[in-house]
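As structure tokens, the structure follows; a few thoughts come after it.
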Amino acid sequence: MSQAAKRKAVASIRLLINAGAAKPAPPVGPALGQAGLNIMAFCKEFNAKTADFKDVPLRVLIKEFNAKTADFKDVPLRVLIKEFNAKTAEFKDVPLRVLIKVYEDKSYDWTLKGPPSSWYIKQATGLARGADRTGHETVGTISLKHLYEIAKVKAPDMPGMSLRGVVKCLMSQCQSMGVRVVERPEDA
């Protein structure tokens, strides 16, 4: 048996921390302190692992799709990705989901996951926040093609779910944010 299988997990902590910005202040400090973990050790380890996380693995910059809708078929995907990476080289404040398992001996393992779906949708539509009154107001639009690209990025974080199912989840998220989903990028 492996050593991880012998240890008994006593707590599971879920946090949303910006890349490279873990600090012992709330919410990280209190959550880890209650479990009796070394807060500074976790912060240093997390920041070191996410320091180079300058851009999200979003395969296409959806704002570029809206700007280049007419030429979209003629623009290779790698060109859009290259432009996206160049424009977001100094991009910060990417929220990452972290799952920390705490064991009896006060050791821990942590798993890093990508940003939440709402973050991708806000980036794609250029919104700062969703609608105040969902169902009554629409604050932006997004196309199914864009949702499909986001779903390809989100699929590894949602094991056991088909790509179609991930797109449906994203459509529900759009509805709850007040973002209208259209069929084609031209309609956005």
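How things are named: the first chain in the structure tokens is A, the next is B, and so on; residues count from 1 in each chain; ligands count from 1 in the order shown.
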Can you tell me which residues surround Glu104 (chain A) at a distance of at most 10 Å, considering only C-alpha atoms, apart from same-chain residues fewer than 4 positions away, and format the answer as an mmCIF file with C-alpha atoms, in the first residue's frame?
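Writing the result to part-v3.cif gives the following:
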```
data_model
loop_
_atom_site.group_PDB
_atom_site.id
_atom_site.type_symbol
_atom_site.label_atom_id
_atom_site.label_comp_id
_atom_site.auth_asym_id
_atom_site.auth_seq_id
_atom_site.Cartn_x
_atom_site.Cartn_y
_atom_site.Cartn_z
ATOM 1 C CA ARG A 7 -3.076 8.136 5.981
ATOM 2 C CA LYS A 8 -6.560 9.085 7.059
ATOM 3 C CA ALA A 9 -7.940 12.383 5.778
ATOM 4 C CA VAL A 10 -9.483 14.408 8.595
ATOM 5 C CA ALA A 11 -10.466 17.557 6.685
ATOM 6 C CA ALA A 35 -6.831 22.580 10.461
ATOM 7 C CA TYR A 108 -1.544 17.800 3.517
#
```
Task: Residue nearest Asp93 (chain A) among A:Gly178, A:Pro185, A:Gly160, A:Gly20 (counting only C-alpha atoms) - done: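 Result for the nearest residue to Asp93 (chain A): A:Gly20.
Atom pair CA of Arg129 (chain A) / CA of Glu149 (chain A): separated by 20.7 Å.
Here CA of Phe42 (chain A) stands at a distance of 27.2 Å from CA of Ala155 (chain A).
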TODO: Please measure the separation of CA of Ala51 (chain A) and CA of Pro30 (chain A), giving the value in Å to one decimal.
DONE: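 Distance reported for this atom pair: 22.7 Å.
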Open item on the list: Would you pick out the contacts of Leu170 (chain A) at 8 Å or less, using only C-alpha atoms, so that residues sharing its chain but fewer than 2 positions from it are not included, and give the list as a count of residues only?
Closed with: 9
Open item on the list: Quick one: residues within 9 Å of region 110-114 of chain A, only C-alpha atoms, excluding same-chain residues fewer than 5 positions away - as number ranges by chain?
Closed with: A: 56-57, 94-102, 153-154, 156-157
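Nearest to Asp105 (chain A) of all the residues A:Leu37, A:Ala131, A:Leu144, A:Ala48 is A:Leu37, counting only C-alpha atoms.
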Task: Contacts of Ile39 (chain A) within 8 Å, only C-alpha atoms, excl. fewer than 6 positions in-chain, as a PyMOL selection string - done: chain A and resi 24+28-29+32-33
